[in-house]
Amino acid sequence: MATTHTTTGGGRKVVITGWGAVTPLGLSVDETWSALTAGRSGIAPLTGVDTTDLTTRFGGEVKDFDPSAHLKPPRARRMDTYAQYAFAAAAEAVRQAGLVLDEDTGQRAGVLIGSGYGPMASHAQHVRTLDEQGPRKVSPFAQITGAIDSAACEISFEYGMTGPTRAISTACASGADAIGEAARWIRYGTADVAVAGGAEHILNRLDLASSGNARALSTRNDAPAEASRPFDTGRDGFVMSAGAGVLVLESEEHALARGATILAELAGYASTSDAHHWTAPHPEGRGARTAMAAALADAGLQPADVDYINAHGTSTVANDRTELDAIRAVFGSHTERIPISSTKSMTGHMIGAAGAVEAIVAGLAIRNSVVPPTINCHDPIDQDVNFVPHQAQEHRVEVAMSNSFGFGGHNAVLVLRAHREATREH
């Protein structure tokens, strides 16, 4: 049988056996990856919200999503759109993992779904109903639909996962934190399996107006596909998007015992806080630096071991420069030897879903020896760094880092590594 492989930081080795995604580029991982490697943008004028009087009138919408393809109507009606996206991504991940649970194994399986803002659309609709039609017209499911743990609960119901079932909210780091914290359940024996990731749907007038008034959003209404331009000197703000990314995590021992295909190892994770400002990163990137260094230490790796960084790269003036400075502080001269790209240049910023989708991208870079580009990076802020401008590059990737930094000073970093099976005893 396979020996239990422990991590450098102690505990069991955590592997990825399935992943699923719903993004502005496609309704699956394959569709999303194909668009990313082709350098195709998913940003366009918004169609699902009245933007007539808004400063920013474009974003990354999920296109052609049909809830009935995943959910029966009564169930779909009690779920906010963000939860529907999470459910669809989880279904894809579970199918790929070939995961089937019974009453006993379900007790060792948990769900952790992150979201920055959760069911905003449902909250708005229920408030409108109350104000316009009175309390008797409010749905009895309003509290369920409007709960930030609704996605996690619906996934646990579907697959009989009776271990820990939770939600987490750390702004733009939510998806990455959900994956990292769920991995700790597995590492330290709370669970053998976890379905973890992030989901978001905040393309509404309130959030667009608020973010616009904060001058955080790009205003390139005349060229939406060119608006998200991470690490370019002409960047003028991020592009708000919707989507979901979900992974199936398992202990290596559990995955091997059931004959699962292992996609990658989740080797390291760290989370920090800037304790500095609600919207601005720490000017010295203190929390980001600490998170990257700690995630590498958790994985038992050195900066020189990393072959690719999927940067947070939001396309805001403050984030991109601060993140690059933090990367240089941790990686030194190695910064100029590895590709560093931001797929937000194509997806936009999916907020709570971003870190989960980008962790999947990091895993795909490992599996395919291809790194996706940073499109719209015409005039890089640092000419010595390979931001993978415009076109994907072939590059051997054994270790990839995925950065996620959020409002409130949340920092989460994941390190993925090509899987090497544990030594077997005969």
# chains A, B, ... in the order shown; residues from 1 in each chain; ligands from 1
call {"tool": "residues_around", "arguments": {"residues": "Thr322 (chain A)", "least_positions_apart": "2", "cutoff": "12 Å", "atoms": "only C-alpha atoms", "output": "MDAnalysis selection string"}}
result
chainID A and resid 231 280:289 311:320 324:329 381 405
call {"tool": "write_last_selection", "arguments": {"atoms": "C-alpha atoms", "output": "JSON list (two decimals), in the first residue's frame"}}
result
[["chain", "number", "residue", "atom", "x", "y", "z"],
["A", 231, "PHE", "CA", 1.31, 45.79, -15.27],
["A", 280, "ALA", "CA", -5.07, 50.47, -0.57],
["A", 281, "PRO", "CA", -2.36, 47.81, -0.26],
["A", 282, "HIS", "CA", 0.40, 48.37, 2.25],
["A", 283, "PRO", "CA", 2.84, 50.73, 0.47],
["A", 284, "GLU", "CA", 5.74, 48.35, 1.12],
["A", 285, "GLY", "CA", 3.68, 45.24, 0.28],
["A", 286, "ARG", "CA", 4.39, 43.96, 3.78],
["A", 287, "GLY", "CA", 1.51, 41.47, 3.99],
["A", 288, "ALA", "CA", 1.96, 40.27, 0.41],
["A", 289, "ARG", "CA", 5.67, 39.63, 0.95],
["A", 311, "ALA", "CA", -0.18, 37.37, -10.17],
["A", 312, "HIS", "CA", -3.10, 39.08, -8.50],
["A", 313, "GLY", "CA", -2.53, 41.76, -11.15],
["A", 314, "THR", "CA", -5.79, 43.70, -10.92],
["A", 315, "SER", "CA", -4.86, 46.53, -13.32],
["A", 316, "THR", "CA", -5.11, 49.20, -10.64],
["A", 317, "VAL", "CA", -2.32, 51.73, -10.30],
["A", 318, "ALA", "CA", -1.57, 50.85, -6.67],
["A", 319, "ASN", "CA", -1.86, 47.06, -6.70],
["A", 320, "ASP", "CA", 0.30, 46.21, -9.70],
["A", 324, "LEU", "CA", 5.65, 43.59, -8.32],
["A", 325, "ASP", "CA", 7.79, 45.23, -5.64],
["A", 326, "ALA", "CA", 6.71, 42.52, -3.19],
["A", 327, "ILE", "CA", 7.57, 39.78, -5.69],
["A", 328, "ARG", "CA", 11.00, 41.31, -6.21],
["A", 329, "ALA", "CA", 11.51, 41.49, -2.44],
["A", 381, "ILE", "CA", 5.95, 48.93, -15.77],
["A", 405, "PHE", "CA", -4.85, 40.14, -2.38]]
call {"tool": "closest_atom_pairs", "arguments": {"of": "region 329-386 of chain A", "to": "region 12-31 of chain A", "cutoff": "7 Å", "atoms": "only C-alpha atoms", "output": "Markdown table"}}
result
| residue | atom | partner | partner_atom | distance |
| --- | --- | --- | --- | --- |
| A:Thr347 | CA | A:Pro24 | CA | 5.9 |
| A:Val357 | CA | A:Ala21 | CA | 6.6 |
| A:Ile360 | CA | A:Trp19 | CA | 6.8 |
call {"tool": "select_by_dssp", "arguments": {"residues": "region 242-389 of chain A", "states": "helix (DSSP H, G or I)", "output": "PyMOL selection string"}}
result
chain A and resi 252-257+286-299+303-305+317-337+344-347+351-368
call {"tool": "write_last_selection", "arguments": {"atoms": "C-alpha atoms", "output": "short mmCIF file (atom, residue, chain, number, x, y, z; two decimals), in the first residue's frame"}}
result
data_model
loop_
_atom_site.label_atom_id
_atom_site.label_comp_id
_atom_site.auth_asym_id
_atom_site.auth_seq_id
_atom_site.Cartn_x
_atom_site.Cartn_y
_atom_site.Cartn_z
CA GLU A 252 -2.89 11.75 -1.33
CA GLU A 253 -3.53 8.47 0.47
CA HIS A 254 -7.28 8.74 -0.09
CA ALA A 255 -6.92 9.65 -3.77
CA LEU A 256 -4.50 6.81 -4.51
CA ALA A 257 -6.61 4.28 -2.63
CA ARG A 286 4.39 43.96 3.78
CA GLY A 287 1.51 41.47 3.99
CA ALA A 288 1.96 40.27 0.41
CA ARG A 289 5.67 39.63 0.95
CA THR A 290 5.02 37.73 4.16
CA ALA A 291 2.28 35.61 2.56
CA MET A 292 4.45 34.62 -0.41
CA ALA A 293 7.41 33.73 1.79
CA ALA A 294 5.23 31.80 4.23
CA ALA A 295 3.47 29.84 1.46
CA LEU A 296 6.85 28.79 0.08
CA ALA A 297 8.02 27.77 3.54
CA ASP A 298 4.80 25.80 4.01
CA ALA A 299 5.60 23.93 0.80
CA PRO A 303 11.91 31.16 -4.38
CA ALA A 304 14.24 29.69 -7.03
CA ASP A 305 12.00 26.59 -7.17
CA VAL A 317 -2.32 51.73 -10.30
CA ALA A 318 -1.57 50.85 -6.67
CA ASN A 319 -1.86 47.06 -6.70
CA ASP A 320 0.30 46.21 -9.70
CA ARG A 321 3.31 48.25 -8.66
CA THR A 322 3.07 47.15 -5.02
CA GLU A 323 2.67 43.49 -5.99
CA LEU A 324 5.65 43.59 -8.32
CA ASP A 325 7.79 45.23 -5.64
CA ALA A 326 6.71 42.52 -3.19
CA ILE A 327 7.57 39.78 -5.69
CA ARG A 328 11.00 41.31 -6.21
CA ALA A 329 11.51 41.49 -2.44
CA VAL A 330 10.82 37.75 -2.10
CA PHE A 331 12.24 36.41 -5.36
CA GLY A 332 15.16 38.76 -5.97
CA SER A 333 16.86 38.23 -9.34
CA HIS A 334 14.72 35.12 -9.95
CA THR A 335 11.88 37.56 -10.69
CA GLU A 336 13.43 38.19 -14.10
CA ARG A 337 13.88 34.50 -14.92
CA LYS A 344 -7.44 39.10 -15.05
CA SER A 345 -6.42 40.84 -18.26
CA MET A 346 -8.87 38.43 -19.94
CA THR A 347 -11.34 37.40 -17.24
CA ILE A 351 -13.53 39.03 -6.76
CA GLY A 352 -14.22 36.04 -4.48
CA ALA A 353 -13.95 33.60 -7.38
CA ALA A 354 -10.67 35.01 -8.69
CA GLY A 355 -8.26 33.14 -6.44
CA ALA A 356 -9.96 29.80 -7.05
CA VAL A 357 -10.04 30.15 -10.84
CA GLU A 358 -6.44 31.36 -10.84
CA ALA A 359 -5.35 28.37 -8.74
CA ILE A 360 -6.86 26.18 -11.45
CA VAL A 361 -4.93 28.17 -14.06
CA ALA A 362 -1.73 27.58 -12.09
CA GLY A 363 -2.49 23.86 -12.07
CA LEU A 364 -3.14 23.83 -15.80
CA ALA A 365 0.14 25.64 -16.43
CA ILE A 366 1.87 22.80 -14.59
CA ARG A 367 0.03 20.11 -16.53
CA ASN A 368 0.38 21.69 -19.96
#
call {"tool": "select_by_dssp", "arguments": {"residues": "region 198-407 of chain A", "states": "strand (DSSP E)", "output": "VMD selection string"}}
result
chain A and resid 198 to 200 243 to 251 264 to 273 308 to 310 340 to 341 370 to 371 393 to 394 399 to 406
call {"tool": "write_last_selection", "arguments": {"atoms": "N, CA and C atoms", "output": "tab-separated table (two decimals), in the first residue's frame"}}
result
chain	number	residue	atom	x	y	z
A	198	GLY	N	-14.40	29.40	-4.80
A	198	GLY	CA	-15.04	30.70	-4.62
A	198	GLY	C	-16.00	31.01	-5.73
A	199	ALA	N	-16.96	31.90	-5.43
A	199	ALA	CA	-17.96	32.29	-6.42
A	199	ALA	C	-18.39	33.72	-6.18
A	200	GLU	N	-18.79	34.40	-7.25
A	200	GLU	CA	-19.19	35.80	-7.13
A	200	GLU	C	-20.13	36.20	-8.25
A	243	GLY	N	-18.27	34.89	-11.71
A	243	GLY	CA	-17.82	33.54	-12.03
A	243	GLY	C	-17.66	32.67	-10.80
A	244	ALA	N	-17.06	31.50	-11.01
A	244	ALA	CA	-16.81	30.56	-9.92
A	244	ALA	C	-15.69	29.62	-10.31
A	245	GLY	N	-14.96	29.19	-9.31
A	245	GLY	CA	-13.95	28.15	-9.49
A	245	GLY	C	-13.98	27.24	-8.27
A	246	VAL	N	-13.99	25.93	-8.50
A	246	VAL	CA	-14.09	24.97	-7.40
A	246	VAL	C	-13.14	23.81	-7.65
A	247	LEU	N	-12.46	23.35	-6.61
A	247	LEU	CA	-11.54	22.22	-6.68
A	247	LEU	C	-12.01	21.09	-5.77
A	248	VAL	N	-11.67	19.88	-6.14
A	248	VAL	CA	-11.78	18.73	-5.24
A	248	VAL	C	-10.39	18.46	-4.69
A	249	LEU	N	-10.27	18.56	-3.38
A	249	LEU	CA	-9.02	18.29	-2.69
A	249	LEU	C	-9.15	16.97	-1.93
A	250	GLU	N	-8.06	16.23	-1.88
A	250	GLU	CA	-8.06	14.97	-1.13
A	250	GLU	C	-6.69	14.77	-0.49
A	251	SER	N	-6.65	13.93	0.54
A	251	SER	CA	-5.35	13.47	0.98
A	251	SER	C	-4.80	12.57	-0.12
A	264	ALA	N	-2.56	17.71	-9.54
A	264	ALA	CA	-1.45	18.48	-8.99
A	264	ALA	C	-1.48	18.36	-7.48
A	265	GLU	N	-0.41	18.76	-6.86
A	265	GLU	CA	-0.36	18.83	-5.40
A	265	GLU	C	-0.58	20.27	-4.96
A	266	LEU	N	-1.41	20.46	-3.94
A	266	LEU	CA	-1.51	21.76	-3.30
A	266	LEU	C	-0.47	21.77	-2.19
A	267	ALA	N	0.69	22.34	-2.51
A	267	ALA	CA	1.86	22.15	-1.65
A	267	ALA	C	1.98	23.16	-0.53
A	268	GLY	N	1.48	24.38	-0.75
A	268	GLY	CA	1.67	25.41	0.27
A	268	GLY	C	0.58	26.44	0.26
A	269	TYR	N	0.37	27.05	1.41
A	269	TYR	CA	-0.66	28.08	1.57
A	269	TYR	C	-0.28	28.97	2.74
A	270	ALA	N	-0.54	30.25	2.58
A	270	ALA	CA	-0.38	31.18	3.70
A	270	ALA	C	-1.34	32.34	3.52
A	271	SER	N	-1.76	32.91	4.64
A	271	SER	CA	-2.69	34.02	4.65
A	271	SER	C	-2.21	35.06	5.66
A	272	THR	N	-2.24	36.33	5.24
A	272	THR	CA	-1.83	37.41	6.13
A	272	THR	C	-2.78	38.59	5.97
A	273	SER	N	-2.61	39.58	6.82
A	273	SER	CA	-3.37	40.83	6.73
A	273	SER	C	-2.42	42.02	6.80
A	308	TYR	N	6.53	29.73	-12.25
A	308	TYR	CA	5.51	30.61	-12.79
A	308	TYR	C	4.72	31.24	-11.65
A	309	ILE	N	4.40	32.53	-11.80
A	309	ILE	CA	3.53	33.20	-10.84
A	309	ILE	C	2.30	33.71	-11.57
A	310	ASN	N	1.14	33.26	-11.12
A	310	ASN	CA	-0.10	33.87	-11.58
A	310	ASN	C	-0.38	35.00	-10.60
A	340	ILE	N	5.58	35.86	-15.28
A	340	ILE	CA	4.62	36.37	-14.30
A	340	ILE	C	3.47	36.97	-15.10
A	341	SER	N	2.30	36.36	-15.03
A	341	SER	CA	1.18	36.89	-15.83
A	341	SER	C	-0.06	37.08	-14.99
A	370	VAL	N	2.45	25.35	-20.32
A	370	VAL	CA	2.08	26.58	-21.03
A	370	VAL	C	1.64	27.59	-19.99
A	371	VAL	N	2.10	28.83	-20.13
A	371	VAL	CA	1.63	29.89	-19.24
A	371	VAL	C	0.79	30.87	-20.05
A	393	GLN	N	2.99	31.41	-23.60
A	393	GLN	CA	4.36	30.94	-23.81
A	393	GLN	C	4.50	29.50	-23.31
A	394	GLU	N	5.22	28.70	-24.07
A	394	GLU	CA	5.58	27.37	-23.60
A	394	GLU	C	6.66	27.51	-22.55
A	399	VAL	N	6.48	24.06	-10.44
A	399	VAL	CA	5.92	24.75	-9.27
A	399	VAL	C	5.33	26.07	-9.72
A	400	ALA	N	4.11	26.34	-9.30
A	400	ALA	CA	3.44	27.60	-9.64
A	400	ALA	C	2.88	28.23	-8.38
A	401	MET	N	2.94	29.55	-8.34
A	401	MET	CA	2.38	30.32	-7.23
A	401	MET	C	1.20	31.13	-7.74
A	402	SER	N	0.15	31.22	-6.93
A	402	SER	CA	-1.02	32.02	-7.27
A	402	SER	C	-1.28	33.01	-6.14
A	403	ASN	N	-1.26	34.30	-6.48
A	403	ASN	CA	-1.44	35.36	-5.49
A	403	ASN	C	-2.85	35.91	-5.51
A	404	SER	N	-3.40	36.18	-4.33
A	404	SER	CA	-4.72	36.81	-4.21
A	404	SER	C	-4.67	37.81	-3.06
A	405	PHE	N	-4.91	39.07	-3.38
A	405	PHE	CA	-4.85	40.14	-2.38
A	405	PHE	C	-6.16	40.93	-2.43
A	406	GLY	N	-6.76	41.19	-1.28
A	406	GLY	CA	-8.09	41.78	-1.29
A	406	GLY	C	-8.24	43.04	-0.45
call {"tool": "closest_residue", "arguments": {"among": "A:Asp149, A:Gly11, A:Thr52, A:Phe141", "to": "Pro74 (chain A)", "atoms": "only C-alpha atoms"}}
result
A:Phe141
call {"tool": "closest_residue", "arguments": {"among": "A:Ala214, A:Ala194, A:Glu158, A:Arg108", "to": "Arg75 (chain A)", "atoms": "only C-alpha atoms"}}
result
A:Glu158
call {"tool": "decode", "arguments": {"residues": "region 158-304 of chain A", "atoms": "C-alpha atoms", "output": "PDB file, in the first residue's frame"}}
result
ATOM      1  CA  GLU A 158     -26.099  17.239  -3.448  1.00  0.00           C
ATOM      2  CA  TYR A 159     -23.139  14.998  -2.664  1.00  0.00           C
ATOM      3  CA  GLY A 160     -23.862  13.899   0.895  1.00  0.00           C
ATOM      4  CA  MET A 161     -20.877  15.689   2.380  1.00  0.00           C
ATOM      5  CA  THR A 162     -21.568  15.658   6.090  1.00  0.00           C
ATOM      6  CA  GLY A 163     -18.192  16.863   7.333  1.00  0.00           C
ATOM      7  CA  PRO A 164     -17.520  20.581   7.896  1.00  0.00           C
ATOM      8  CA  THR A 165     -19.599  22.791   5.598  1.00  0.00           C
ATOM      9  CA  ARG A 166     -18.759  26.482   5.725  1.00  0.00           C
ATOM     10  CA  ALA A 167     -18.453  29.807   3.954  1.00  0.00           C
ATOM     11  CA  ILE A 168     -15.562  32.237   4.126  1.00  0.00           C
ATOM     12  CA  SER A 169     -15.332  35.874   3.109  1.00  0.00           C
ATOM     13  CA  THR A 170     -12.018  37.679   2.736  1.00  0.00           C
ATOM     14  CA  ALA A 171     -12.834  39.972  -0.189  1.00  0.00           C
ATOM     15  CA  CYS A 172     -10.736  39.214  -3.286  1.00  0.00           C
ATOM     16  CA  ALA A 173      -8.782  36.541  -1.396  1.00  0.00           C
ATOM     17  CA  SER A 174     -11.909  34.514  -0.554  1.00  0.00           C
ATOM     18  CA  GLY A 175     -11.487  31.752  -3.141  1.00  0.00           C
ATOM     19  CA  ALA A 176      -7.820  31.210  -2.377  1.00  0.00           C
ATOM     20  CA  ASP A 177      -8.446  31.261   1.371  1.00  0.00           C
ATOM     21  CA  ALA A 178     -11.247  28.719   0.998  1.00  0.00           C
ATOM     22  CA  ILE A 179      -8.904  26.340  -0.827  1.00  0.00           C
ATOM     23  CA  GLY A 180      -6.082  26.877   1.627  1.00  0.00           C
ATOM     24  CA  GLU A 181      -8.205  26.454   4.731  1.00  0.00           C
ATOM     25  CA  ALA A 182      -9.934  23.366   3.331  1.00  0.00           C
ATOM     26  CA  ALA A 183      -6.521  21.903   2.562  1.00  0.00           C
ATOM     27  CA  ARG A 184      -5.688  22.299   6.238  1.00  0.00           C
ATOM     28  CA  TRP A 185      -8.740  20.189   7.130  1.00  0.00           C
ATOM     29  CA  ILE A 186      -7.214  17.418   5.060  1.00  0.00           C
ATOM     30  CA  ARG A 187      -3.636  17.967   6.115  1.00  0.00           C
ATOM     31  CA  TYR A 188      -4.442  17.688   9.782  1.00  0.00           C
ATOM     32  CA  GLY A 189      -7.066  14.944   9.607  1.00  0.00           C
ATOM     33  CA  THR A 190     -10.401  16.745   9.960  1.00  0.00           C
ATOM     34  CA  ALA A 191     -11.435  15.503   6.515  1.00  0.00           C
ATOM     35  CA  ASP A 192     -10.201  13.228   3.726  1.00  0.00           C
ATOM     36  CA  VAL A 193     -11.955  15.158   0.945  1.00  0.00           C
ATOM     37  CA  ALA A 194     -12.990  18.769   0.491  1.00  0.00           C
ATOM     38  CA  VAL A 195     -14.832  20.648  -2.232  1.00  0.00           C
ATOM     39  CA  ALA A 196     -13.479  24.174  -2.041  1.00  0.00           C
ATOM     40  CA  GLY A 197     -13.357  27.364  -4.067  1.00  0.00           C
ATOM     41  CA  GLY A 198     -15.039  30.696  -4.617  1.00  0.00           C
ATOM     42  CA  ALA A 199     -17.959  32.291  -6.424  1.00  0.00           C
ATOM     43  CA  GLU A 200     -19.190  35.800  -7.130  1.00  0.00           C
ATOM     44  CA  HIS A 201     -21.942  37.699  -8.915  1.00  0.00           C
ATOM     45  CA  ILE A 202     -21.941  41.413  -8.097  1.00  0.00           C
ATOM     46  CA  LEU A 203     -22.572  42.917 -11.521  1.00  0.00           C
ATOM     47  CA  ASN A 204     -25.291  45.235 -10.246  1.00  0.00           C
ATOM     48  CA  ARG A 205     -25.879  48.966 -10.150  1.00  0.00           C
ATOM     49  CA  LEU A 206     -24.985  49.351  -6.488  1.00  0.00           C
ATOM     50  CA  ASP A 207     -21.572  47.696  -6.643  1.00  0.00           C
ATOM     51  CA  LEU A 208     -20.687  49.210  -9.999  1.00  0.00           C
ATOM     52  CA  ALA A 209     -21.624  52.674  -8.726  1.00  0.00           C
ATOM     53  CA  SER A 210     -19.761  52.244  -5.433  1.00  0.00           C
ATOM     54  CA  SER A 211     -16.582  50.893  -7.016  1.00  0.00           C
ATOM     55  CA  GLY A 212     -16.790  53.528  -9.711  1.00  0.00           C
ATOM     56  CA  ASN A 213     -17.137  56.334  -7.178  1.00  0.00           C
ATOM     57  CA  ALA A 214     -14.105  54.927  -5.379  1.00  0.00           C
ATOM     58  CA  ARG A 215     -12.253  55.314  -8.699  1.00  0.00           C
ATOM     59  CA  ALA A 216     -11.288  51.663  -8.590  1.00  0.00           C
ATOM     60  CA  LEU A 217     -12.798  50.673 -11.954  1.00  0.00           C
ATOM     61  CA  SER A 218     -11.467  51.214 -15.434  1.00  0.00           C
ATOM     62  CA  THR A 219     -13.526  53.683 -17.462  1.00  0.00           C
ATOM     63  CA  ARG A 220     -12.477  52.574 -20.955  1.00  0.00           C
ATOM     64  CA  ASN A 221     -16.064  52.312 -22.142  1.00  0.00           C
ATOM     65  CA  ASP A 222     -14.964  52.788 -25.754  1.00  0.00           C
ATOM     66  CA  ALA A 223     -12.685  49.713 -25.659  1.00  0.00           C
ATOM     67  CA  PRO A 224     -13.832  47.208 -23.007  1.00  0.00           C
ATOM     68  CA  ALA A 225     -11.643  44.340 -24.208  1.00  0.00           C
ATOM     69  CA  GLU A 226      -8.592  46.572 -23.743  1.00  0.00           C
ATOM     70  CA  ALA A 227      -9.606  47.903 -20.337  1.00  0.00           C
ATOM     71  CA  SER A 228      -7.977  45.321 -18.072  1.00  0.00           C
ATOM     72  CA  ARG A 229      -4.265  45.923 -18.567  1.00  0.00           C
ATOM     73  CA  PRO A 230      -2.278  44.584 -15.594  1.00  0.00           C
ATOM     74  CA  PHE A 231       1.306  45.788 -15.268  1.00  0.00           C
ATOM     75  CA  ASP A 232       0.855  48.245 -18.138  1.00  0.00           C
ATOM     76  CA  THR A 233       1.723  51.892 -17.561  1.00  0.00           C
ATOM     77  CA  GLY A 234      -1.651  52.896 -19.015  1.00  0.00           C
ATOM     78  CA  ARG A 235      -3.771  50.903 -16.536  1.00  0.00           C
ATOM     79  CA  ASP A 236      -6.641  52.866 -15.011  1.00  0.00           C
ATOM     80  CA  GLY A 237      -8.533  50.414 -12.792  1.00  0.00           C
ATOM     81  CA  PHE A 238      -9.898  46.906 -12.555  1.00  0.00           C
ATOM     82  CA  VAL A 239     -12.797  45.347 -14.444  1.00  0.00           C
ATOM     83  CA  MET A 240     -15.558  43.800 -12.352  1.00  0.00           C
ATOM     84  CA  SER A 241     -16.554  40.257 -13.318  1.00  0.00           C
ATOM     85  CA  ALA A 242     -18.561  37.243 -12.201  1.00  0.00           C
ATOM     86  CA  GLY A 243     -17.824  33.541 -12.034  1.00  0.00           C
ATOM     87  CA  ALA A 244     -16.811  30.561  -9.921  1.00  0.00           C
ATOM     88  CA  GLY A 245     -13.955  28.148  -9.485  1.00  0.00           C
ATOM     89  CA  VAL A 246     -14.090  24.966  -7.402  1.00  0.00           C
ATOM     90  CA  LEU A 247     -11.540  22.216  -6.681  1.00  0.00           C
ATOM     91  CA  VAL A 248     -11.783  18.728  -5.239  1.00  0.00           C
ATOM     92  CA  LEU A 249      -9.018  18.290  -2.686  1.00  0.00           C
ATOM     93  CA  GLU A 250      -8.060  14.969  -1.126  1.00  0.00           C
ATOM     94  CA  SER A 251      -5.347  13.471   0.984  1.00  0.00           C
ATOM     95  CA  GLU A 252      -2.893  11.747  -1.333  1.00  0.00           C
ATOM     96  CA  GLU A 253      -3.530   8.470   0.465  1.00  0.00           C
ATOM     97  CA  HIS A 254      -7.283   8.737  -0.092  1.00  0.00           C
ATOM     98  CA  ALA A 255      -6.923   9.645  -3.769  1.00  0.00           C
ATOM     99  CA  LEU A 256      -4.503   6.813  -4.508  1.00  0.00           C
ATOM    100  CA  ALA A 257      -6.609   4.276  -2.629  1.00  0.00           C
ATOM    101  CA  ARG A 258      -9.612   4.943  -4.867  1.00  0.00           C
ATOM    102  CA  GLY A 259      -7.546   5.154  -8.068  1.00  0.00           C
ATOM    103  CA  ALA A 260      -8.185   8.837  -8.738  1.00  0.00           C
ATOM    104  CA  THR A 261      -6.172  10.798 -11.280  1.00  0.00           C
ATOM    105  CA  ILE A 262      -4.127  13.380  -9.414  1.00  0.00           C
ATOM    106  CA  LEU A 263      -3.906  16.694 -11.263  1.00  0.00           C
ATOM    107  CA  ALA A 264      -1.448  18.483  -8.993  1.00  0.00           C
ATOM    108  CA  GLU A 265      -0.360  18.827  -5.401  1.00  0.00           C
ATOM    109  CA  LEU A 266      -1.512  21.758  -3.298  1.00  0.00           C
ATOM    110  CA  ALA A 267       1.859  22.150  -1.652  1.00  0.00           C
ATOM    111  CA  GLY A 268       1.672  25.405   0.266  1.00  0.00           C
ATOM    112  CA  TYR A 269      -0.656  28.083   1.570  1.00  0.00           C
ATOM    113  CA  ALA A 270      -0.376  31.182   3.696  1.00  0.00           C
ATOM    114  CA  SER A 271      -2.690  34.024   4.646  1.00  0.00           C
ATOM    115  CA  THR A 272      -1.828  37.414   6.131  1.00  0.00           C
ATOM    116  CA  SER A 273      -3.367  40.830   6.725  1.00  0.00           C
ATOM    117  CA  ASP A 274      -1.889  44.247   6.014  1.00  0.00           C
ATOM    118  CA  ALA A 275      -3.689  45.929   8.949  1.00  0.00           C
ATOM    119  CA  HIS A 276      -3.258  49.125   6.983  1.00  0.00           C
ATOM    120  CA  HIS A 277      -6.166  50.407   4.840  1.00  0.00           C
ATOM    121  CA  TRP A 278      -9.549  49.278   3.516  1.00  0.00           C
ATOM    122  CA  THR A 279      -8.771  49.658  -0.173  1.00  0.00           C
ATOM    123  CA  ALA A 280      -5.069  50.469  -0.567  1.00  0.00           C
ATOM    124  CA  PRO A 281      -2.356  47.809  -0.262  1.00  0.00           C
ATOM    125  CA  HIS A 282       0.397  48.371   2.246  1.00  0.00           C
ATOM    126  CA  PRO A 283       2.840  50.725   0.471  1.00  0.00           C
ATOM    127  CA  GLU A 284       5.735  48.346   1.123  1.00  0.00           C
ATOM    128  CA  GLY A 285       3.684  45.240   0.282  1.00  0.00           C
ATOM    129  CA  ARG A 286       4.385  43.960   3.777  1.00  0.00           C
ATOM    130  CA  GLY A 287       1.510  41.474   3.986  1.00  0.00           C
ATOM    131  CA  ALA A 288       1.957  40.274   0.412  1.00  0.00           C
ATOM    132  CA  ARG A 289       5.670  39.631   0.953  1.00  0.00           C
ATOM    133  CA  THR A 290       5.016  37.731   4.157  1.00  0.00           C
ATOM    134  CA  ALA A 291       2.285  35.612   2.565  1.00  0.00           C
ATOM    135  CA  MET A 292       4.450  34.616  -0.412  1.00  0.00           C
ATOM    136  CA  ALA A 293       7.414  33.730   1.786  1.00  0.00           C
ATOM    137  CA  ALA A 294       5.234  31.795   4.230  1.00  0.00           C
ATOM    138  CA  ALA A 295       3.471  29.837   1.463  1.00  0.00           C
ATOM    139  CA  LEU A 296       6.852  28.794   0.078  1.00  0.00           C
ATOM    140  CA  ALA A 297       8.017  27.773   3.543  1.00  0.00           C
ATOM    141  CA  ASP A 298       4.800  25.798   4.011  1.00  0.00           C
ATOM    142  CA  ALA A 299       5.596  23.929   0.800  1.00  0.00           C
ATOM    143  CA  GLY A 300       9.228  23.403   1.792  1.00  0.00           C
ATOM    144  CA  LEU A 301      10.381  25.343  -1.274  1.00  0.00           C
ATOM    145  CA  GLN A 302      12.713  28.211  -2.080  1.00  0.00           C
ATOM    146  CA  PRO A 303      11.912  31.158  -4.376  1.00  0.00           C
ATOM    147  CA  ALA A 304      14.239  29.690  -7.033  1.00  0.00           C
TER     148      ALA A 304
END
